[in-house]
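Right, one structure below, let's go through it.
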Amino acid sequence: MAEDIVTRLTAEFLKSLAHPARIRILRLLTPGERCVCELITEIDIEQSNLSQHLGVLKKQGIIDSRKEGTKVFYRITHPSVLEVIRAVEKTIGDQISESQNLLSHLGKGGGTGEN
């Protein structure tokens, strides 16, 4: 029962990261807090679209915000989320490397069945 809950929560967490704009937002927030006005110019998407992505990340507890006058600033609440992204990127890099090695091997006649 508890394992099912953790599995479901893990899937929901990963789903909240599953959009290129959200990954870009997190990369921009990696050095520290940023104003939403900076995020809009850097990500180059409509403000309403950005707000939706920020809302998904905030609802999941990955980021938080604070208001200062008319500006809203966002920050990553759990930097360990960056480790998740790095782990995925490493896996992708490993897969690409393996594919390149296989293609290189096949290009040298390794996949022709010859011994």
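By order of appearance in the structure tokens: chains A, B, ..., then residues from 1 within every chain, and ligands from 1 in the order shown.
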
Please run DSSP on the backbone and report, as a ChimeraX atom specification, all residues within segment 40-79 of chain A that come out as strand (DSSP E or B).
-> /A:63-68,71-76

Please provide as an MDAnalysis selection string all residues within 9 Å of Ile25 of chain A, with the sequence filter that same-chain residues fewer than 2 positions apart are discarded (counting only C-alpha atoms).
-> chainID A and resid 20:23 27:30 39 43 50 53:54

Writer output for current selection, all heavy atoms, as an mmCIF file, in the first residue's frame:
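In the end it all went to part_4.cif:
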data_model
loop_
_atom_site.group_PDB
_atom_site.id
_atom_site.type_symbol
_atom_site.label_atom_id
_atom_site.label_comp_id
_atom_site.auth_asym_id
_atom_site.auth_seq_id
_atom_site.Cartn_x
_atom_site.Cartn_y
_atom_site.Cartn_z
ATOM 1 N N PRO A 20 9.801 20.575 -21.920
ATOM 2 C CA PRO A 20 11.044 21.330 -22.155
ATOM 3 C C PRO A 20 11.068 22.696 -21.471
ATOM 4 O O PRO A 20 12.109 23.111 -20.954
ATOM 5 C CB PRO A 20 11.090 21.475 -23.678
ATOM 6 C CG PRO A 20 10.282 20.335 -24.193
ATOM 7 C CD PRO A 20 9.204 20.099 -23.168
ATOM 8 N N ALA A 21 9.942 23.394 -21.434
ATOM 9 C CA ALA A 21 9.911 24.719 -20.800
ATOM 10 C C ALA A 21 10.204 24.605 -19.308
ATOM 11 O O ALA A 21 10.892 25.463 -18.746
ATOM 12 C CB ALA A 21 8.557 25.389 -21.033
ATOM 13 N N ARG A 22 9.721 23.562 -18.666
ATOM 14 C CA ARG A 22 9.958 23.402 -17.223
ATOM 15 C C ARG A 22 11.413 23.080 -16.937
ATOM 16 O O ARG A 22 11.975 23.567 -15.950
ATOM 17 C CB ARG A 22 9.023 22.335 -16.662
ATOM 18 C CG ARG A 22 7.586 22.783 -16.709
ATOM 19 C CD ARG A 22 6.640 21.756 -16.112
ATOM 20 N NE ARG A 22 5.355 21.914 -16.778
ATOM 21 C CZ ARG A 22 4.564 20.941 -17.149
ATOM 22 N NH1 ARG A 22 4.889 19.684 -16.898
ATOM 23 N NH2 ARG A 22 3.425 21.189 -17.758
ATOM 24 N N ILE A 23 12.015 22.291 -17.800
ATOM 25 C CA ILE A 23 13.455 22.015 -17.640
ATOM 26 C C ILE A 23 14.243 23.304 -17.820
ATOM 27 O O ILE A 23 15.167 23.599 -17.055
ATOM 28 C CB ILE A 23 13.934 20.937 -18.650
ATOM 29 C CG1 ILE A 23 13.165 19.626 -18.475
ATOM 30 C CG2 ILE A 23 15.440 20.723 -18.558
ATOM 31 C CD1 ILE A 23 13.358 18.940 -17.148
ATOM 32 N N ARG A 27 16.694 25.205 -15.145
ATOM 33 C CA ARG A 27 18.083 25.567 -15.475
ATOM 34 C C ARG A 27 18.335 27.044 -15.195
ATOM 35 O O ARG A 27 19.395 27.416 -14.696
ATOM 36 C CB ARG A 27 18.383 25.245 -16.931
ATOM 37 C CG ARG A 27 18.612 23.783 -17.166
ATOM 38 C CD ARG A 27 19.164 23.527 -18.560
ATOM 39 N NE ARG A 27 19.404 22.112 -18.741
ATOM 40 C CZ ARG A 27 18.930 21.407 -19.745
ATOM 41 N NH1 ARG A 27 18.192 21.990 -20.679
ATOM 42 N NH2 ARG A 27 19.187 20.132 -19.849
ATOM 43 N N LEU A 28 17.354 27.881 -15.535
ATOM 44 C CA LEU A 28 17.510 29.322 -15.284
ATOM 45 C C LEU A 28 17.507 29.641 -13.794
ATOM 46 O O LEU A 28 18.132 30.621 -13.370
ATOM 47 C CB LEU A 28 16.401 30.104 -15.991
ATOM 48 C CG LEU A 28 16.493 30.150 -17.514
ATOM 49 C CD1 LEU A 28 15.226 30.742 -18.109
ATOM 50 C CD2 LEU A 28 17.720 30.966 -17.951
ATOM 51 N N LEU A 29 16.823 28.837 -13.019
ATOM 52 C CA LEU A 29 16.762 29.063 -11.578
ATOM 53 C C LEU A 29 17.920 28.409 -10.826
ATOM 54 O O LEU A 29 18.082 28.625 -9.632
ATOM 55 C CB LEU A 29 15.432 28.553 -11.019
ATOM 56 C CG LEU A 29 14.176 29.282 -11.484
ATOM 57 C CD1 LEU A 29 12.924 28.612 -10.917
ATOM 58 C CD2 LEU A 29 14.218 30.758 -11.093
ATOM 59 N N THR A 30 18.732 27.617 -11.514
ATOM 60 C CA THR A 30 19.827 26.899 -10.862
ATOM 61 C C THR A 30 20.783 27.831 -10.111
ATOM 62 O O THR A 30 21.117 27.559 -8.965
ATOM 63 C CB THR A 30 20.596 26.028 -11.884
ATOM 64 O OG1 THR A 30 19.690 25.041 -12.382
ATOM 65 C CG2 THR A 30 21.783 25.334 -11.250
ATOM 66 N N LEU A 39 12.555 35.528 -16.545
ATOM 67 C CA LEU A 39 12.248 34.215 -17.110
ATOM 68 C C LEU A 39 11.522 34.356 -18.446
ATOM 69 O O LEU A 39 11.806 33.614 -19.387
ATOM 70 C CB LEU A 39 11.405 33.397 -16.135
ATOM 71 C CG LEU A 39 12.067 33.043 -14.804
ATOM 72 C CD1 LEU A 39 11.075 32.347 -13.880
ATOM 73 C CD2 LEU A 39 13.294 32.181 -15.012
ATOM 74 N N ILE A 43 13.125 32.605 -21.718
ATOM 75 C CA ILE A 43 12.480 31.401 -22.235
ATOM 76 C C ILE A 43 11.734 31.690 -23.532
ATOM 77 O O ILE A 43 11.546 30.813 -24.351
ATOM 78 C CB ILE A 43 11.550 30.780 -21.168
ATOM 79 C CG1 ILE A 43 12.401 30.306 -19.999
ATOM 80 C CG2 ILE A 43 10.749 29.625 -21.741
ATOM 81 C CD1 ILE A 43 11.639 29.677 -18.890
ATOM 82 N N LEU A 50 4.003 30.590 -19.539
ATOM 83 C CA LEU A 50 5.021 30.524 -18.491
ATOM 84 C C LEU A 50 4.358 30.356 -17.125
ATOM 85 O O LEU A 50 4.793 29.542 -16.311
ATOM 86 C CB LEU A 50 5.906 31.773 -18.506
ATOM 87 C CG LEU A 50 6.958 31.863 -17.396
ATOM 88 C CD1 LEU A 50 7.950 30.705 -17.486
ATOM 89 C CD2 LEU A 50 7.669 33.202 -17.454
ATOM 90 N N HIS A 53 3.360 26.778 -16.515
ATOM 91 C CA HIS A 53 4.503 25.914 -16.197
ATOM 92 C C HIS A 53 5.018 26.177 -14.790
ATOM 93 O O HIS A 53 5.343 25.243 -14.049
ATOM 94 C CB HIS A 53 5.613 26.085 -17.229
ATOM 95 C CG HIS A 53 5.255 25.560 -18.574
ATOM 96 N ND1 HIS A 53 4.950 24.233 -18.802
ATOM 97 C CD2 HIS A 53 5.134 26.178 -19.771
ATOM 98 C CE1 HIS A 53 4.668 24.057 -20.087
ATOM 99 N NE2 HIS A 53 4.765 25.231 -20.686
ATOM 100 N N LEU A 54 5.092 27.445 -14.415
ATOM 101 C CA LEU A 54 5.512 27.787 -13.060
ATOM 102 C C LEU A 54 4.525 27.212 -12.045
ATOM 103 O O LEU A 54 4.928 26.710 -10.992
ATOM 104 C CB LEU A 54 5.627 29.309 -12.892
ATOM 105 C CG LEU A 54 6.782 29.976 -13.650
ATOM 106 C CD1 LEU A 54 6.614 31.484 -13.646
ATOM 107 C CD2 LEU A 54 8.126 29.563 -13.068
#

Please identify the helix (DSSP H, G or I) residues within chain A (assignment by DSSP from backbone atoms) and present them as a compact mmCIF listing (two decimals) with N, CA, C and O atoms, in the first residue's frame.
# COMPACT_ATOMS: atom_id res chain seq x y z
N ALA A 2 1.80 1.36 0.96
CA ALA A 2 2.67 2.53 1.01
C ALA A 2 3.55 2.60 -0.22
O ALA A 2 3.83 3.69 -0.73
N GLU A 3 3.98 1.44 -0.71
CA GLU A 3 4.80 1.41 -1.93
C GLU A 3 4.02 1.94 -3.12
O GLU A 3 4.57 2.65 -3.96
N ASP A 4 2.74 1.61 -3.19
CA ASP A 4 1.89 2.12 -4.27
C ASP A 4 1.79 3.65 -4.22
O ASP A 4 1.83 4.31 -5.26
N ILE A 5 1.68 4.19 -3.03
CA ILE A 5 1.59 5.65 -2.88
C ILE A 5 2.89 6.30 -3.33
O ILE A 5 2.88 7.28 -4.07
N VAL A 6 4.02 5.75 -2.89
CA VAL A 6 5.32 6.30 -3.29
C VAL A 6 5.51 6.21 -4.79
O VAL A 6 5.98 7.15 -5.43
N THR A 7 5.10 5.09 -5.38
CA THR A 7 5.21 4.92 -6.83
C THR A 7 4.37 5.96 -7.56
O THR A 7 4.83 6.59 -8.52
N ARG A 8 3.15 6.18 -7.10
CA ARG A 8 2.27 7.17 -7.71
C ARG A 8 2.84 8.59 -7.56
O ARG A 8 2.86 9.36 -8.51
N LEU A 9 3.34 8.90 -6.36
CA LEU A 9 3.91 10.23 -6.13
C LEU A 9 5.17 10.45 -6.98
O LEU A 9 5.40 11.55 -7.48
N THR A 10 5.96 9.39 -7.15
CA THR A 10 7.15 9.49 -7.99
C THR A 10 6.75 9.78 -9.43
O THR A 10 7.34 10.65 -10.09
N ALA A 11 5.75 9.08 -9.92
CA ALA A 11 5.28 9.30 -11.29
C ALA A 11 4.74 10.72 -11.46
O ALA A 11 5.03 11.38 -12.47
N GLU A 12 4.00 11.21 -10.48
CA GLU A 12 3.49 12.58 -10.55
C GLU A 12 4.63 13.60 -10.55
O GLU A 12 4.59 14.59 -11.28
N PHE A 13 5.64 13.35 -9.72
CA PHE A 13 6.80 14.24 -9.66
C PHE A 13 7.50 14.29 -11.01
O PHE A 13 7.78 15.38 -11.54
N LEU A 14 7.77 13.11 -11.59
CA LEU A 14 8.45 13.07 -12.88
C LEU A 14 7.59 13.69 -13.98
O LEU A 14 8.12 14.37 -14.87
N LYS A 15 6.30 13.50 -13.90
CA LYS A 15 5.39 14.12 -14.88
C LYS A 15 5.49 15.64 -14.82
O LYS A 15 5.42 16.31 -15.85
N SER A 16 5.68 16.19 -13.62
CA SER A 16 5.78 17.65 -13.49
C SER A 16 7.05 18.20 -14.16
O SER A 16 7.11 19.38 -14.48
N LEU A 17 8.03 17.35 -14.38
CA LEU A 17 9.26 17.77 -15.05
C LEU A 17 9.20 17.55 -16.56
O LEU A 17 10.07 18.00 -17.29
N PRO A 20 9.80 20.57 -21.92
CA PRO A 20 11.04 21.33 -22.15
C PRO A 20 11.07 22.70 -21.47
O PRO A 20 12.11 23.11 -20.95
N ALA A 21 9.94 23.39 -21.43
CA ALA A 21 9.91 24.72 -20.80
C ALA A 21 10.20 24.61 -19.31
O ALA A 21 10.89 25.46 -18.75
N ARG A 22 9.72 23.56 -18.67
CA ARG A 22 9.96 23.40 -17.22
C ARG A 22 11.41 23.08 -16.94
O ARG A 22 11.98 23.57 -15.95
N ILE A 23 12.02 22.29 -17.80
CA ILE A 23 13.45 22.01 -17.64
C ILE A 23 14.24 23.30 -17.82
O ILE A 23 15.17 23.60 -17.06
N ARG A 24 13.87 24.11 -18.82
CA ARG A 24 14.56 25.40 -19.03
C ARG A 24 14.36 26.32 -17.84
O ARG A 24 15.31 27.01 -17.42
N ILE A 25 13.16 26.35 -17.28
CA ILE A 25 12.91 27.18 -16.09
C ILE A 25 13.85 26.76 -14.97
O ILE A 25 14.50 27.61 -14.34
N LEU A 26 13.94 25.47 -14.72
CA LEU A 26 14.80 24.99 -13.63
C LEU A 26 16.27 25.31 -13.90
O LEU A 26 17.00 25.66 -12.98
N ARG A 27 16.69 25.20 -15.15
CA ARG A 27 18.08 25.57 -15.48
C ARG A 27 18.33 27.04 -15.19
O ARG A 27 19.40 27.42 -14.70
N LEU A 28 17.35 27.88 -15.54
CA LEU A 28 17.51 29.32 -15.28
C LEU A 28 17.51 29.64 -13.79
O LEU A 28 18.13 30.62 -13.37
N LEU A 29 16.82 28.84 -13.02
CA LEU A 29 16.76 29.06 -11.58
C LEU A 29 17.92 28.41 -10.83
O LEU A 29 18.08 28.63 -9.63
N VAL A 36 10.17 36.78 -12.48
CA VAL A 36 9.40 36.21 -13.58
C VAL A 36 9.63 37.01 -14.87
O VAL A 36 9.64 36.44 -15.96
N CYS A 37 9.88 38.31 -14.73
CA CYS A 37 10.14 39.14 -15.92
C CYS A 37 11.42 38.70 -16.64
O CYS A 37 11.48 38.74 -17.86
N GLU A 38 12.40 38.22 -15.90
CA GLU A 38 13.63 37.69 -16.51
C GLU A 38 13.36 36.35 -17.19
O GLU A 38 13.89 36.08 -18.27
N LEU A 39 12.55 35.53 -16.54
CA LEU A 39 12.25 34.22 -17.11
C LEU A 39 11.52 34.36 -18.45
O LEU A 39 11.81 33.61 -19.39
N ILE A 40 10.60 35.30 -18.53
CA ILE A 40 9.85 35.50 -19.78
C ILE A 40 10.79 35.83 -20.93
O ILE A 40 10.67 35.25 -22.01
N THR A 41 11.72 36.74 -20.72
CA THR A 41 12.62 37.14 -21.81
C THR A 41 13.59 36.01 -22.17
O THR A 41 13.94 35.84 -23.33
N GLU A 42 14.02 35.23 -21.18
CA GLU A 42 14.99 34.16 -21.44
C GLU A 42 14.35 32.93 -22.10
O GLU A 42 14.98 32.27 -22.91
N ILE A 43 13.12 32.61 -21.72
CA ILE A 43 12.48 31.40 -22.23
C ILE A 43 11.73 31.69 -23.53
O ILE A 43 11.55 30.81 -24.35
N GLN A 47 3.47 34.90 -21.51
CA GLN A 47 3.40 34.97 -20.06
C GLN A 47 2.39 33.98 -19.49
O GLN A 47 2.65 33.34 -18.47
N SER A 48 1.26 33.82 -20.15
CA SER A 48 0.24 32.89 -19.65
C SER A 48 0.77 31.45 -19.67
O SER A 48 0.51 30.68 -18.75
N ASN A 49 1.52 31.11 -20.71
CA ASN A 49 2.12 29.78 -20.83
C ASN A 49 3.17 29.58 -19.74
O ASN A 49 3.21 28.53 -19.08
N LEU A 50 4.00 30.59 -19.54
CA LEU A 50 5.02 30.52 -18.49
C LEU A 50 4.36 30.36 -17.13
O LEU A 50 4.79 29.54 -16.31
N SER A 51 3.29 31.10 -16.89
CA SER A 51 2.58 31.01 -15.61
C SER A 51 2.06 29.60 -15.36
O SER A 51 2.11 29.10 -14.23
N GLN A 52 1.57 28.95 -16.41
CA GLN A 52 1.08 27.58 -16.26
C GLN A 52 2.21 26.63 -15.86
O GLN A 52 2.05 25.80 -14.97
N HIS A 53 3.36 26.78 -16.51
CA HIS A 53 4.50 25.91 -16.20
C HIS A 53 5.02 26.18 -14.79
O HIS A 53 5.34 25.24 -14.05
N LEU A 54 5.09 27.45 -14.41
CA LEU A 54 5.51 27.79 -13.06
C LEU A 54 4.53 27.21 -12.04
O LEU A 54 4.93 26.71 -10.99
N GLY A 55 3.24 27.26 -12.37
CA GLY A 55 2.22 26.72 -11.48
C GLY A 55 2.37 25.22 -11.27
O GLY A 55 2.20 24.72 -10.14
N VAL A 56 2.69 24.49 -12.33
CA VAL A 56 2.90 23.04 -12.21
C VAL A 56 4.08 22.76 -11.29
O VAL A 56 3.99 21.91 -10.38
N LEU A 57 5.18 23.47 -11.50
CA LEU A 57 6.37 23.26 -10.67
C LEU A 57 6.12 23.67 -9.22
O LEU A 57 6.58 23.02 -8.29
N LYS A 58 5.37 24.75 -9.04
CA LYS A 58 5.08 25.23 -7.69
C LYS A 58 4.13 24.28 -6.97
O LYS A 58 4.33 23.96 -5.79
N LYS A 59 3.11 23.80 -7.67
CA LYS A 59 2.16 22.85 -7.07
C LYS A 59 2.87 21.59 -6.60
O LYS A 59 2.53 21.02 -5.56
N SER A 80 17.84 19.14 -5.05
CA SER A 80 18.03 17.74 -5.46
C SER A 80 17.30 17.43 -6.75
O SER A 80 17.65 16.47 -7.44
N VAL A 81 16.31 18.25 -7.13
CA VAL A 81 15.63 18.04 -8.41
C VAL A 81 16.62 18.18 -9.56
O VAL A 81 16.48 17.52 -10.60
N LEU A 82 17.64 18.99 -9.38
CA LEU A 82 18.66 19.17 -10.41
C LEU A 82 19.46 17.88 -10.60
O LEU A 82 19.92 17.58 -11.70
N GLU A 83 19.62 17.11 -9.52
CA GLU A 83 20.30 15.82 -9.62
C GLU A 83 19.48 14.85 -10.48
O GLU A 83 20.05 14.05 -11.22
N VAL A 84 18.17 14.93 -10.36
CA VAL A 84 17.29 14.08 -11.17
C VAL A 84 17.50 14.42 -12.65
O VAL A 84 17.67 13.53 -13.48
N ILE A 85 17.51 15.70 -12.96
CA ILE A 85 17.70 16.14 -14.34
C ILE A 85 19.08 15.71 -14.85
O ILE A 85 19.21 15.20 -15.97
N ARG A 86 20.10 15.91 -14.03
CA ARG A 86 21.46 15.49 -14.44
C ARG A 86 21.53 13.98 -14.67
O ARG A 86 22.18 13.53 -15.60
N ALA A 87 20.85 13.20 -13.83
CA ALA A 87 20.85 11.74 -14.00
C ALA A 87 20.19 11.35 -15.32
O ALA A 87 20.69 10.47 -16.04
N VAL A 88 19.09 12.00 -15.66
CA VAL A 88 18.41 11.72 -16.93
C VAL A 88 19.32 12.12 -18.09
O VAL A 88 19.46 11.36 -19.06
N GLU A 89 19.95 13.29 -18.00
CA GLU A 89 20.85 13.73 -19.07
C GLU A 89 22.03 12.79 -19.23
O GLU A 89 22.46 12.51 -20.35
N LYS A 90 22.55 12.25 -18.12
CA LYS A 90 23.65 11.29 -18.20
C LYS A 90 23.19 10.01 -18.89
O LYS A 90 23.90 9.47 -19.74
N THR A 91 22.00 9.55 -18.54
CA THR A 91 21.45 8.35 -19.17
C THR A 91 21.30 8.56 -20.67
O THR A 91 21.67 7.69 -21.47
N ILE A 92 20.78 9.72 -21.06
CA ILE A 92 20.62 10.03 -22.49
C ILE A 92 21.99 10.05 -23.17
O ILE A 92 22.15 9.51 -24.26
N GLY A 93 22.97 10.66 -22.53
CA GLY A 93 24.32 10.69 -23.08
C GLY A 93 24.89 9.30 -23.25
O GLY A 93 25.51 8.99 -24.27
N ASP A 94 24.65 8.44 -22.25
CA ASP A 94 25.12 7.05 -22.34
C ASP A 94 24.45 6.33 -23.50
O ASP A 94 25.09 5.57 -24.24
N GLN A 95 23.14 6.54 -23.66
CA GLN A 95 22.40 5.89 -24.76
C GLN A 95 22.94 6.35 -26.11
O GLN A 95 23.10 5.54 -27.02
N ILE A 96 23.20 7.66 -26.24
CA ILE A 96 23.73 8.19 -27.50
C ILE A 96 25.10 7.58 -27.78
O ILE A 96 25.39 7.15 -28.90
N SER A 97 25.92 7.51 -26.75
CA SER A 97 27.26 6.92 -26.91
C SER A 97 27.18 5.47 -27.34
O SER A 97 27.90 5.03 -28.24
N GLU A 98 26.28 4.71 -26.71
CA GLU A 98 26.11 3.30 -27.09
C GLU A 98 25.62 3.17 -28.53
O GLU A 98 26.09 2.30 -29.27
N SER A 99 24.72 4.04 -28.93
CA SER A 99 24.22 4.00 -30.31
C SER A 99 25.33 4.34 -31.29
O SER A 99 25.45 3.71 -32.34
N GLN A 100 26.15 5.33 -30.96
CA GLN A 100 27.26 5.70 -31.83
C GLN A 100 28.26 4.56 -31.95
O GLN A 100 28.77 4.28 -33.03
N ASN A 101 28.52 3.88 -30.82
CA ASN A 101 29.44 2.74 -30.86
C ASN A 101 28.88 1.62 -31.72
O ASN A 101 29.61 1.01 -32.50
N LEU A 102 27.59 1.37 -31.60
CA LEU A 102 26.96 0.33 -32.40
C LEU A 102 27.02 0.68 -33.88
O LEU A 102 27.38 -0.15 -34.72
N LEU A 103 26.70 1.93 -34.21
CA LEU A 103 26.75 2.36 -35.61
C LEU A 103 28.16 2.29 -36.16
O LEU A 103 28.37 1.88 -37.30
N SER A 104 29.13 2.67 -35.34
CA SER A 104 30.53 2.59 -35.76
C SER A 104 30.92 1.14 -36.02
O SER A 104 31.57 0.83 -37.01
N HIS A 105 30.49 0.26 -35.13
CA HIS A 105 30.79 -1.17 -35.28
C HIS A 105 30.13 -1.72 -36.55
O HIS A 105 30.75 -2.48 -37.30
N LEU A 106 28.88 -1.33 -36.78
CA LEU A 106 28.18 -1.81 -37.97
C LEU A 106 28.82 -1.24 -39.25
O LEU A 106 28.88 -1.92 -40.25
N GLY A 107 29.30 -0.01 -39.17
CA GLY A 107 29.95 0.63 -40.32
C GLY A 107 31.24 -0.03 -40.71
O GLY A 107 31.71 0.07 -41.83
